[in-house]
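Data file: structure_8.txt. Format and content: compact mmCIF, C-alpha atoms.
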```txt
# COMPACT_ATOMS: atom_id res chain seq x y z
CA MET A 16 20.88 6.59 -7.77
CA ILE A 17 21.22 4.96 -4.36
CA PRO A 18 17.65 4.54 -3.09
CA ASN A 19 16.50 5.97 0.23
CA ASP A 20 19.45 8.27 0.82
CA ARG A 21 20.13 12.00 0.65
CA PRO A 22 20.51 13.22 -2.95
CA VAL A 23 23.87 14.89 -2.33
CA ILE A 24 25.48 11.48 -1.70
CA ALA A 25 23.21 9.25 -3.80
CA ASP A 26 24.42 9.63 -7.41
CA SER A 27 26.76 6.64 -7.28
CA LEU A 28 28.84 5.47 -10.22
CA TRP A 29 28.63 1.93 -8.86
CA THR A 30 24.83 1.97 -8.73
CA ALA A 31 24.68 3.40 -12.25
CA THR A 32 26.98 0.69 -13.66
CA ALA A 33 25.94 -2.29 -11.54
CA THR A 34 25.04 -5.65 -13.00
CA PRO A 35 21.31 -6.36 -12.48
CA ALA A 36 20.93 -8.10 -9.14
CA PRO A 37 18.12 -10.13 -7.59
CA VAL A 38 15.78 -8.36 -5.19
CA PHE A 39 15.71 -10.28 -1.94
CA PRO A 40 12.23 -10.33 -0.37
CA PRO A 41 11.35 -9.15 3.14
CA LEU A 42 11.11 -11.59 6.01
CA THR A 43 7.55 -12.66 6.76
CA GLY A 44 6.53 -14.96 9.58
CA GLU A 45 8.84 -17.02 11.77
CA ALA A 46 12.18 -18.49 10.68
CA GLU A 47 14.68 -20.81 12.37
CA ALA A 48 18.43 -20.73 11.86
CA ASP A 49 21.70 -21.90 13.32
CA LEU A 50 23.20 -18.47 12.60
CA ALA A 51 21.28 -15.20 12.21
CA ILE A 52 23.12 -12.25 10.64
CA VAL A 53 22.06 -8.61 10.79
CA GLY A 54 23.62 -6.55 8.00
CA GLY A 55 24.04 -7.25 4.30
CA GLY A 56 27.43 -5.69 3.61
CA PHE A 57 30.74 -7.46 3.04
CA THR A 58 30.98 -8.75 6.63
CA GLY A 59 27.49 -10.21 6.77
CA LEU A 60 27.51 -11.58 3.22
CA SER A 61 30.91 -13.21 3.64
CA ALA A 62 29.77 -14.73 6.93
CA ALA A 63 26.58 -16.00 5.31
CA LEU A 64 28.44 -17.52 2.37
CA HIS A 65 31.10 -19.27 4.42
CA ALA A 66 28.67 -20.49 7.09
CA ALA A 67 26.24 -21.85 4.51
CA GLU A 68 29.07 -23.63 2.71
CA ALA A 69 29.97 -25.21 6.06
CA GLY A 70 26.44 -26.59 6.35
CA LEU A 71 24.81 -24.13 8.78
CA ARG A 72 21.24 -22.89 8.39
CA VAL A 73 21.77 -19.16 7.84
CA VAL A 74 19.29 -16.29 7.73
CA LEU A 75 20.58 -12.79 6.90
CA LEU A 76 18.52 -9.64 7.43
CA GLU A 77 19.33 -6.42 5.57
CA ALA A 78 17.44 -3.16 6.15
CA GLU A 79 17.62 -2.22 2.45
CA GLN A 80 19.15 -4.58 -0.14
CA PRO A 81 22.59 -6.26 0.01
CA GLY A 82 25.38 -3.77 -0.65
CA TRP A 83 23.25 -0.68 0.08
CA GLY A 84 25.63 0.74 2.71
CA ALA A 85 29.34 1.40 2.55
CA SER A 86 30.03 -1.99 0.94
CA GLY A 87 28.32 -0.92 -2.26
CA ARG A 88 29.57 2.66 -2.44
CA ASN A 89 33.23 2.65 -1.36
CA GLY A 90 36.24 3.18 -3.62
CA GLY A 91 36.58 -0.51 -4.44
CA GLN A 92 40.16 -0.65 -3.18
CA VAL A 93 41.25 -4.07 -1.92
CA ASN A 94 43.75 -2.89 0.69
CA PRO A 95 45.45 -5.67 2.66
CA GLY A 96 46.73 -5.25 6.19
CA LEU A 97 45.60 -3.20 9.16
CA HIS A 98 45.56 0.58 9.31
CA VAL A 99 48.43 0.35 11.80
CA ASP A 100 51.87 -1.14 11.09
CA PRO A 101 52.63 -4.83 11.80
CA ASP A 102 55.13 -4.03 14.56
CA ASP A 103 52.51 -1.91 16.32
CA ALA A 104 50.08 -4.85 16.47
CA GLU A 105 52.73 -7.18 17.90
CA ASP A 106 53.87 -4.59 20.44
CA ARG A 107 50.32 -3.94 21.62
CA PHE A 108 48.81 -7.43 21.61
CA GLY A 109 51.92 -9.53 22.13
CA ARG A 110 53.97 -11.42 19.60
CA GLU A 111 51.67 -14.44 19.25
CA VAL A 112 48.31 -12.65 19.05
CA GLY A 113 49.70 -9.67 17.15
CA ALA A 114 51.36 -11.90 14.54
CA ARG A 115 48.09 -13.78 14.10
CA MET A 116 46.23 -10.49 13.52
CA VAL A 117 48.86 -9.29 11.06
CA ALA A 118 48.75 -12.53 9.06
CA PHE A 119 44.94 -12.49 9.07
CA ALA A 120 44.74 -8.92 7.77
CA GLY A 121 47.66 -9.34 5.37
CA GLY A 122 45.95 -12.28 3.67
CA ALA A 123 42.58 -10.55 3.37
CA GLY A 124 43.23 -9.29 -0.17
CA ARG A 125 44.01 -12.74 -1.46
CA LEU A 126 40.82 -14.04 0.15
CA VAL A 127 38.78 -11.47 -1.80
CA PHE A 128 40.25 -12.36 -5.17
CA ASP A 129 40.05 -16.08 -4.44
CA LEU A 130 36.33 -15.75 -3.63
CA ILE A 131 35.73 -13.78 -6.82
CA GLU A 132 37.45 -16.44 -8.91
CA ARG A 133 35.83 -19.39 -7.13
CA HIS A 134 32.30 -18.00 -7.48
CA GLY A 135 32.73 -16.26 -10.83
CA ILE A 136 31.68 -12.87 -9.47
CA PRO A 137 31.55 -10.30 -12.32
CA CYS A 138 33.02 -7.28 -10.54
CA ASP A 139 35.95 -6.17 -12.73
CA PRO A 140 38.58 -7.60 -10.35
CA ARG A 141 42.10 -6.26 -10.81
CA PRO A 142 44.69 -7.90 -8.53
CA VAL A 143 47.33 -5.46 -9.75
CA GLY A 144 48.53 -4.21 -6.37
CA TRP A 145 47.80 -1.22 -4.19
CA ILE A 146 49.98 1.88 -4.33
CA ARG A 147 50.51 4.10 -1.32
CA ALA A 148 51.92 7.49 -2.29
CA ALA A 149 54.02 9.90 -0.20
CA HIS A 150 53.47 13.64 -0.60
CA SER A 151 56.18 14.78 1.87
CA PRO A 152 59.57 13.69 3.25
CA ALA A 153 57.91 12.58 6.48
CA THR A 154 55.38 10.34 4.73
CA LEU A 155 58.12 8.90 2.50
CA ARG A 156 60.05 7.86 5.63
CA ASP A 157 56.86 6.36 7.01
CA LEU A 158 56.42 4.30 3.85
CA GLN A 159 59.98 3.02 4.08
CA GLY A 160 59.27 1.82 7.60
CA LYS A 161 56.15 0.00 6.42
CA ALA A 162 58.04 -1.61 3.55
CA ASP A 163 60.79 -2.78 5.91
CA GLN A 164 58.28 -4.33 8.32
CA TRP A 165 56.44 -6.23 5.60
CA ALA A 166 59.71 -7.32 3.98
CA ALA A 167 60.77 -8.78 7.33
CA ARG A 168 57.61 -10.89 7.11
CA GLU A 169 58.45 -11.97 3.54
CA GLN A 170 55.44 -10.25 1.99
CA PRO A 171 55.38 -8.84 -1.60
CA VAL A 172 55.66 -5.18 -0.63
CA ARG A 173 58.35 -2.87 -2.00
CA MET A 174 59.25 0.79 -2.25
CA LEU A 175 58.84 2.76 -5.46
CA SER A 176 61.23 5.53 -6.47
CA ARG A 177 59.96 8.97 -7.32
CA ASP A 178 60.26 8.18 -11.04
CA GLU A 179 58.53 4.80 -10.68
CA THR A 180 55.71 6.39 -8.74
CA ALA A 181 55.27 9.11 -11.37
CA ALA A 182 55.21 6.52 -14.17
CA MET A 183 52.70 4.26 -12.43
CA ILE A 184 50.34 7.03 -11.29
CA GLY A 185 50.81 9.58 -14.07
CA THR A 186 51.71 12.60 -11.95
CA THR A 187 54.83 14.10 -10.38
CA ALA A 188 52.86 15.17 -7.30
CA TYR A 189 54.39 12.45 -5.09
CA ARG A 190 57.91 11.94 -3.77
CA GLY A 191 57.75 8.16 -3.93
CA GLY A 192 55.54 5.28 -3.04
CA LEU A 193 55.05 1.71 -1.96
CA ILE A 194 53.32 -1.05 -3.85
CA ASP A 195 51.63 -3.93 -2.06
CA LEU A 196 51.09 -6.71 -4.59
CA ARG A 197 48.54 -8.44 -2.36
CA GLY A 198 45.98 -5.74 -3.17
CA GLY A 199 44.05 -4.39 -6.11
CA ASN A 200 40.59 -3.06 -6.89
CA LEU A 201 37.11 -4.03 -8.06
CA HIS A 202 33.54 -2.83 -8.60
CA PRO A 203 32.35 -2.82 -4.98
CA LEU A 204 28.58 -3.04 -5.52
CA ASN A 205 28.93 -5.89 -8.01
CA TYR A 206 31.22 -7.65 -5.53
CA ALA A 207 28.65 -7.26 -2.74
CA THR A 208 25.74 -8.51 -4.83
CA GLY A 209 27.95 -11.30 -6.15
CA LEU A 210 28.60 -12.44 -2.59
CA ALA A 211 24.85 -12.33 -1.95
CA VAL A 212 24.13 -14.47 -5.01
CA ALA A 213 26.87 -16.94 -4.01
CA ALA A 214 25.52 -17.13 -0.44
CA ASP A 215 22.01 -17.69 -1.75
CA LYS A 216 23.24 -20.52 -3.99
CA ALA A 217 25.06 -22.05 -1.01
CA GLY A 218 21.78 -22.21 0.90
CA ALA A 219 21.76 -19.03 2.98
CA VAL A 220 18.40 -17.29 3.18
CA ILE A 221 18.70 -13.54 2.56
CA HIS A 222 15.95 -11.04 3.28
CA GLY A 223 16.10 -7.46 2.06
CA ASN A 224 13.95 -4.58 3.32
CA SER A 225 14.00 -6.31 6.70
CA ARG A 226 15.36 -3.92 9.29
CA ALA A 227 16.00 -5.56 12.65
CA THR A 228 13.92 -3.68 15.20
CA ALA A 229 14.55 -5.62 18.42
CA LEU A 230 16.49 -8.52 19.91
CA THR A 231 15.19 -10.86 22.58
CA MET A 232 16.18 -14.20 24.11
CA THR A 233 13.91 -17.26 24.24
CA ASP A 234 15.04 -20.60 25.69
CA GLY A 235 18.69 -19.68 25.18
CA HIS A 236 18.16 -18.64 21.56
CA HIS A 237 18.47 -15.20 20.01
CA VAL A 238 15.30 -13.87 18.42
CA VAL A 239 15.66 -11.06 15.88
CA HIS A 240 12.47 -9.11 15.27
CA THR A 241 11.50 -7.16 12.16
CA ARG A 242 8.21 -5.41 11.36
CA THR A 243 6.92 -8.51 9.62
CA GLY A 244 8.65 -11.49 11.18
CA THR A 245 11.19 -13.07 13.51
CA VAL A 246 14.32 -15.20 13.21
CA ARG A 247 15.23 -17.57 16.04
CA ALA A 248 18.85 -18.71 16.03
CA GLY A 249 21.45 -20.31 18.25
CA LYS A 250 24.12 -17.74 17.32
CA LEU A 251 23.94 -14.15 16.15
CA VAL A 252 26.27 -11.91 14.13
CA LEU A 253 25.89 -8.11 14.04
CA ALA A 254 27.48 -6.74 10.86
CA THR A 255 26.25 -3.16 10.52
CA ASN A 256 29.58 -1.26 10.79
CA GLY A 257 29.20 2.48 10.03
CA TYR A 258 25.41 2.14 9.92
CA THR A 259 25.11 0.64 13.40
CA ASP A 260 22.03 1.95 15.22
CA GLY A 261 20.54 1.40 18.67
CA LEU A 262 19.62 -2.26 18.18
CA ILE A 263 22.38 -3.25 20.64
CA PRO A 264 22.65 -0.61 23.39
CA GLY A 265 26.11 0.97 23.37
CA LEU A 266 27.41 -0.75 20.22
CA ALA A 267 27.08 2.35 18.03
CA LYS A 268 29.21 4.26 20.56
CA THR A 269 32.25 2.03 19.88
CA VAL A 270 32.87 3.64 16.46
CA VAL A 271 32.62 7.07 14.86
CA PRO A 272 30.83 7.12 11.48
CA VAL A 273 32.81 9.40 9.17
CA ARG A 274 31.55 10.21 5.70
CA SER A 275 33.78 9.49 2.73
CA VAL A 276 32.78 10.93 -0.65
CA GLN A 277 33.73 10.37 -4.28
CA VAL A 278 33.35 11.99 -7.67
CA ALA A 279 33.68 10.43 -11.12
CA THR A 280 34.14 11.76 -14.64
CA ASP A 281 32.50 10.65 -17.82
CA PRO A 282 34.50 7.90 -19.60
CA LEU A 283 37.79 9.37 -20.79
CA PRO A 284 39.10 8.99 -24.34
CA ASP A 285 41.67 6.21 -24.56
CA ASP A 286 44.58 8.56 -25.25
CA ILE A 287 43.80 10.52 -22.06
CA ALA A 288 42.94 7.48 -19.95
CA GLN A 289 46.29 5.87 -20.72
CA THR A 290 48.15 8.83 -19.21
CA ILE A 291 46.57 8.16 -15.80
CA LEU A 292 47.25 4.93 -13.88
CA PRO A 293 48.22 2.92 -16.98
CA GLY A 294 48.63 -0.24 -14.89
CA GLY A 295 45.14 0.03 -13.41
CA GLN A 296 46.16 0.41 -9.75
CA ALA A 297 44.08 2.38 -7.25
CA PRO A 298 46.43 4.51 -5.12
CA SER A 299 45.83 6.25 -1.84
CA ASP A 300 48.19 8.75 -0.31
CA LEU A 301 49.42 9.31 3.23
CA ARG A 302 47.73 12.63 3.90
CA ARG A 303 45.84 12.59 7.18
CA LEU A 304 42.87 13.62 5.05
CA LEU A 305 43.86 11.15 2.40
CA LEU A 306 42.99 11.13 -1.27
CA TYR A 307 42.28 7.85 -3.02
CA PHE A 308 41.70 7.50 -6.74
CA ARG A 309 41.42 5.09 -9.65
CA LYS A 310 39.85 4.43 -13.04
CA ASP A 311 36.92 2.13 -13.52
CA ALA A 312 36.60 -0.52 -16.23
CA ALA A 313 35.19 2.02 -18.72
CA GLY A 314 37.98 4.55 -18.16
CA ARG A 315 36.18 6.95 -15.84
CA PHE A 316 38.43 8.72 -13.35
CA VAL A 317 37.27 8.42 -9.72
CA MET A 318 38.59 10.54 -6.84
CA GLY A 319 37.64 10.08 -3.19
CA GLY A 320 38.36 11.70 0.14
CA ARG A 321 36.95 12.89 3.44
CA GLY A 322 33.38 14.19 3.32
CA ALA A 323 31.21 16.08 5.79
CA TYR A 324 27.94 15.61 7.67
CA GLY A 325 25.79 18.44 6.28
CA ASP A 326 24.61 18.71 2.68
CA ARG A 327 26.21 22.09 2.00
CA ALA A 328 29.55 21.06 3.49
CA THR A 329 29.41 17.77 1.60
CA ALA A 330 28.83 19.61 -1.68
CA ALA A 331 31.89 21.76 -0.91
CA ARG A 332 33.99 18.64 -0.30
CA LEU A 333 32.83 17.16 -3.61
CA ALA A 334 33.87 20.35 -5.38
CA ALA A 335 37.24 20.22 -3.62
CA LEU A 336 37.81 16.67 -4.89
CA ARG A 337 37.15 17.76 -8.47
CA LYS A 338 39.60 20.62 -8.03
CA ALA A 339 42.27 18.36 -6.51
CA SER A 340 41.84 15.91 -9.39
CA VAL A 341 42.49 18.57 -12.03
CA GLN A 342 45.46 19.95 -10.08
CA MET A 343 46.99 16.48 -10.01
CA PHE A 344 45.97 15.56 -13.57
CA PRO A 345 45.51 18.76 -15.65
CA GLN A 346 44.43 16.69 -18.65
CA LEU A 347 41.10 16.14 -16.84
CA ALA A 348 40.15 19.83 -17.09
CA PRO A 349 38.04 19.60 -20.28
CA PHE A 350 35.96 16.65 -19.14
CA GLY A 351 32.68 16.57 -17.28
CA TRP A 352 31.99 15.05 -13.90
CA ARG A 353 29.00 12.73 -14.02
CA HIS A 354 28.65 11.18 -10.55
CA ALA A 355 29.04 12.24 -6.91
CA TRP A 356 28.24 10.04 -3.90
CA GLY A 357 29.33 8.97 -0.44
CA GLY A 358 28.78 6.79 2.59
CA PHE A 359 29.90 6.20 6.15
CA VAL A 360 33.21 4.66 7.16
CA ALA A 361 33.39 3.37 10.74
CA VAL A 362 36.49 4.69 12.51
CA THR A 363 37.87 3.54 15.86
CA PRO A 364 40.06 5.69 18.13
CA ASP A 365 43.02 3.27 17.94
CA HIS A 366 42.45 2.35 14.26
CA TYR A 367 41.96 -1.34 15.05
CA PRO A 368 38.79 -3.16 13.98
CA LYS A 369 36.70 -4.50 16.83
CA VAL A 370 35.18 -7.92 17.36
CA ILE A 371 32.79 -7.42 20.25
CA ARG A 372 30.95 -9.95 22.37
CA VAL A 373 27.54 -8.31 22.72
CA ALA A 374 25.90 -11.28 24.50
CA PRO A 375 26.55 -14.99 24.99
CA GLY A 376 26.50 -16.47 21.50
CA ALA A 377 26.45 -13.07 19.79
CA LEU A 378 29.38 -11.24 18.18
CA ALA A 379 29.67 -7.95 16.31
CA ALA A 380 32.48 -6.95 13.97
CA LEU A 381 32.96 -3.33 12.93
CA GLY A 382 35.41 -0.44 12.60
CA TYR A 383 37.48 -1.19 9.51
CA ASN A 384 38.89 2.34 9.26
CA GLY A 385 38.57 2.55 5.49
CA ARG A 386 39.82 -0.97 4.68
CA GLY A 387 36.50 -2.72 4.59
CA VAL A 388 36.65 -4.48 1.22
CA ALA A 389 39.39 -6.86 2.32
CA LEU A 390 39.07 -6.78 6.11
CA ALA A 391 35.29 -7.11 6.24
CA THR A 392 35.41 -10.08 3.87
CA ALA A 393 37.98 -11.75 6.10
CA MET A 394 36.02 -10.89 9.24
CA GLY A 395 32.96 -12.49 7.73
CA LYS A 396 34.82 -15.73 7.17
CA MET A 397 36.16 -15.60 10.73
CA LEU A 398 32.65 -15.11 12.12
CA ALA A 399 31.46 -18.07 10.07
CA ASP A 400 34.23 -20.15 11.62
CA TRP A 401 33.00 -19.06 15.04
CA GLY A 402 29.48 -19.97 14.02
CA THR A 403 30.60 -23.49 13.14
CA GLY A 404 32.25 -24.00 16.52
CA THR A 405 35.70 -22.38 16.58
CA ALA A 406 36.30 -21.06 20.09
CA GLU A 407 36.72 -17.31 20.57
CA ALA A 408 40.26 -17.84 21.90
CA ASP A 409 41.23 -19.64 18.68
CA LEU A 410 40.02 -16.92 16.32
CA PRO A 411 42.72 -14.90 14.51
CA PHE A 412 41.40 -11.63 15.94
CA PRO A 413 40.77 -10.97 19.66
CA VAL A 414 37.20 -10.81 20.95
CA THR A 415 36.56 -8.03 23.48
CA GLU A 416 33.74 -6.39 25.39
CA ALA A 417 32.24 -3.16 24.07
CA GLN A 418 34.16 -0.04 25.05
CA PRO A 419 32.05 3.02 24.22
CA ILE A 420 33.98 6.10 23.14
CA PRO A 421 33.84 8.85 25.81
CA PHE A 422 31.71 11.88 24.89
CA HIS A 423 30.44 10.02 21.81
CA ARG A 424 27.45 12.38 21.58
CA PHE A 425 29.87 15.17 20.58
CA ARG A 426 31.45 13.09 17.79
CA LYS A 427 30.48 15.49 14.98
CA LEU A 428 32.16 18.41 16.74
CA GLY A 429 35.21 16.26 17.40
CA VAL A 430 35.43 15.12 13.78
CA ALA A 431 35.13 18.72 12.54
CA ALA A 432 37.93 19.88 14.85
CA THR A 433 40.14 16.96 13.86
CA VAL A 434 39.57 17.62 10.16
CA THR A 435 40.62 21.26 10.57
CA THR A 436 43.79 20.26 12.41
CA TYR A 437 44.64 17.53 9.90
CA ARG A 438 44.12 19.88 6.96
CA MET A 439 46.65 22.30 8.44
CA MET A 440 49.16 19.52 9.15
CA ASP A 441 48.81 18.11 5.64
CA ALA A 442 49.42 21.55 4.16
CA LEU A 443 52.60 21.85 6.23
CA GLY A 444 53.78 18.37 5.20
CA LEU A 445 53.83 17.15 8.79
```

Would you encode the structure as structure tokens?
Amino acid sequence: MIPNDRPVIADSLWTATATPAPVFPPLTGEAEADLAIVGGGFTGLSAALHAAEAGLRVVLLEAEQPGWGASGRNGGQVNPGLHVDPDDAEDRFGREVGARMVAFAGGAGRLVFDLIERHGIPCDPRPVGWIRAAHSPATLRDLQGKADQWAAREQPVRMLSRDETAAMIGTTAYRGGLIDLRGGNLHPLNYATGLAVAADKAGAVIHGNSRATALTMTDGHHVVHTRTGTVRAGKLVLATNGYTDGLIPGLAKTVVPVRSVQVATDPLPDDIAQTILPGGQAPSDLRRLLLYFRKDAAGRFVMGGRGAYGDRATAARLAALRKASVQMFPQLAPFGWRHAWGGFVAVTPDHYPKVIRVAPGALAALGYNGRGVALATAMGKMLADWGTGTAEADLPFPVTEAQPIPFHRFRKLGVAATVTTYRMMDALGL
């Protein structure tokens, strides 16, 4: 079970099957660092690892233990690229900056698998590609446009016919698909703790159970306060994503935390498991309320999708995922469902991640819109580069000021209304 969370979203498959990990002690007393990091998910851990390897003194503070948040409970899909299409990024940010962003995000999957190999992280990595599946004529046309844009950039992305899609996924529910060979999947909690172990070995100091409670400035240095100590550093990284609180006024209002939930079966018999995703890919479809699914290393089937804020509504969404799984794969009907869990994804109104200058010498990165395994890892490396002296203007992703979302206090009502609209549009195939 995930500790210190609501039971309805705490029975995580990844927690139940995780490799034993070290417990990082709380911060006590005063510490000095070149780079202080708040948040022990993929962003913060990647930043800590890369900065420590570059020779910086790094101290990372995590409110629970590394990987406790979305990084340790997501679907484990290594999805390269941005949520938006490459042409959109170049149209919006200009050819030079947009192309830099596209290349940065497109290479994020390779970065993940390279890190896993270089540090020997035991997280069941499968660089077998990521399938996107179309459930309607409109989404099939959308996929063709995506394939054309990536092909124009000479990337290993291609369309799948209806028959190819059915053979690779194991269902005739989709009209076709696209496979992006830069992606794949992994055990997300083991990946997170593996990054923590690698960062620790590289010299970063990691403190768990050390929630940052306040930030102050002293002699031009950032001071991060916890209940039991302080860290004084020349530069500061905020890496709290969907779990961002009021530590930095206004930062939490730049994203909307949306719950994503998953369910998992018991391990399936080999003859049944081989009829579902025989190549080991982890597809996601193009519904506005998308479904994403996979098998784990032991042959359990995992299905994920949009959750809800309240416990009763969340339980209903978990039941709906089980039902959708059996509708798509009737051979699952006789088998039990062992695990159910969830966590918060940080969504931005324009679906672009944000790198925000929160103060001189302090950056925050958040808002991965469901692509955090790859993008957060890459963002962490980018923040480490900034920590070692790369100028903001030379980073592959633009740095901006915080832009709070209007009427953010009503976000739950807005999400509920959007979900209802999207569910109707998905049903109509729009």

What's the 12 Å shell around stretch 100-108 of chain A, counting all atoms listed in the file, without same-chain residues fewer than 4 positions away, as JSON, numbers by chain?
{"A": [95, 96, 112, 113, 114, 115, 116, 117, 118, 119, 120, 121, 157, 158, 159, 160, 161, 162, 163, 164, 165, 166, 167, 168, 170, 365, 366, 367, 368, 411, 412, 413]}

Dump C-alpha atoms for the selected residues as an mmCIF file, in the frame of the given file?
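This went into result35.cif:
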```cif
data_model
loop_
_atom_site.group_PDB
_atom_site.id
_atom_site.type_symbol
_atom_site.label_atom_id
_atom_site.label_comp_id
_atom_site.auth_asym_id
_atom_site.auth_seq_id
_atom_site.Cartn_x
_atom_site.Cartn_y
_atom_site.Cartn_z
ATOM 1 C CA PRO A 95 45.450 -5.670 2.660
ATOM 2 C CA GLY A 96 46.730 -5.250 6.190
ATOM 3 C CA VAL A 112 48.310 -12.650 19.050
ATOM 4 C CA GLY A 113 49.700 -9.670 17.150
ATOM 5 C CA ALA A 114 51.360 -11.900 14.540
ATOM 6 C CA ARG A 115 48.090 -13.780 14.100
ATOM 7 C CA MET A 116 46.230 -10.490 13.520
ATOM 8 C CA VAL A 117 48.860 -9.290 11.060
ATOM 9 C CA ALA A 118 48.750 -12.530 9.060
ATOM 10 C CA PHE A 119 44.940 -12.490 9.070
ATOM 11 C CA ALA A 120 44.740 -8.920 7.770
ATOM 12 C CA GLY A 121 47.660 -9.340 5.370
ATOM 13 C CA ASP A 157 56.860 6.360 7.010
ATOM 14 C CA LEU A 158 56.420 4.300 3.850
ATOM 15 C CA GLN A 159 59.980 3.020 4.080
ATOM 16 C CA GLY A 160 59.270 1.820 7.600
ATOM 17 C CA LYS A 161 56.150 0.000 6.420
ATOM 18 C CA ALA A 162 58.040 -1.610 3.550
ATOM 19 C CA ASP A 163 60.790 -2.780 5.910
ATOM 20 C CA GLN A 164 58.280 -4.330 8.320
ATOM 21 C CA TRP A 165 56.440 -6.230 5.600
ATOM 22 C CA ALA A 166 59.710 -7.320 3.980
ATOM 23 C CA ALA A 167 60.770 -8.780 7.330
ATOM 24 C CA ARG A 168 57.610 -10.890 7.110
ATOM 25 C CA GLN A 170 55.440 -10.250 1.990
ATOM 26 C CA ASP A 365 43.020 3.270 17.940
ATOM 27 C CA HIS A 366 42.450 2.350 14.260
ATOM 28 C CA TYR A 367 41.960 -1.340 15.050
ATOM 29 C CA PRO A 368 38.790 -3.160 13.980
ATOM 30 C CA PRO A 411 42.720 -14.900 14.510
ATOM 31 C CA PHE A 412 41.400 -11.630 15.940
ATOM 32 C CA PRO A 413 40.770 -10.970 19.660
#
```

Enter the distance from atom CA of A:Val53 to atom CA of A:Ala227, in Å, rounded to one decimal.
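Here the two named atoms are 7.0 Å from each other.
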
_For a test of reading the model, state the distance in Å between atom CA of A:Thr269 and atom CA of A:Val360, rounded to one decimal._
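Atom CA of A:Val360 lies at a distance of 13.0 Å from atom CA of A:Thr269.
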
Original post:
Any idea what's packed within 12 Å of A:Met397, counting all atoms listed in the file, ignoring anything in its chain fewer than 4 positions away? Could you give it as a ChimeraX atom specification?
Top reply: /A:58-59,61-66,116,119-120,123,126,252,370,378-380,390-393,401-407,409-414

Among listed residues A:Ala312, A:Leu262, A:Leu193, A:Ala69, nearest A:Ala33 (using all atoms listed in the file) =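 For A:Ala33, the nearest of the given residues is A:Ala312.
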
- Contacts of stretch 232-238 of chain A at 12 Å or less, counting only C-alpha atoms, minus same-chain residues fewer than 4 places along, as a PyMOL selection string? chain A and resi 45-53+74+227-228+244-253+373-378

A straight line from atom CA of A:Thr187 to atom CA of A:Ser27 spans 29.2 Å

Extract, using only C-alpha atoms, all DNA, RNA and protein residues at most 8 Å from stretch 176-178 of chain A, discarding same-chain residues fewer than 5 positions from it, and format them as number ranges by chain.
A: 187, 189-192

*Among the residues A:Pro203, A:Pro41, A:Met394, A:Ala328, the one that comes closest to A:Ala85 [using only C-alpha atoms]*: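 Residue with the minimum atom-to-atom distance to A:Ala85: A:Pro203.
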
#### Entry: Who sits within 9 Å of stretch 338-342 of chain A, all atoms listed in the file, same chain under 5 positions skipped, as a ChimeraX atom specification
/A:306,308,316-318,333,347-348

For A:Val270, which residue among A:Gln346, A:Thr363, A:Thr32, A:Thr186 is the nearest when counting only C-alpha atoms?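 With only C-alpha atoms as the atom set, the closest residue is A:Thr363.
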
Nearest to A:Gly261, restricted to all atoms listed in the file and choosing among A:Leu196, A:Leu230, A:Ala334, A:Val127, comes out as A:Leu230

For A:Asp400, the closest of A:Gly209, A:Gly55, A:Pro37, A:Gly70 counting all atoms listed in the file is A:Gly70

| request: Dump as a ChimeraX atom specification all residues having an atom at most 12 Å from (32.7, 18.6, -0.6), computed in the file's coordinates with only C-alpha atoms. | output: /A:23-24,274-278,318-339,355-357

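Of the listed residues A:Met16, A:Ala153, A:Leu28, A:Ala148, the one whose atoms come nearest to A:Asp281 is A:Leu28, with distances taken using all atoms listed in the file.
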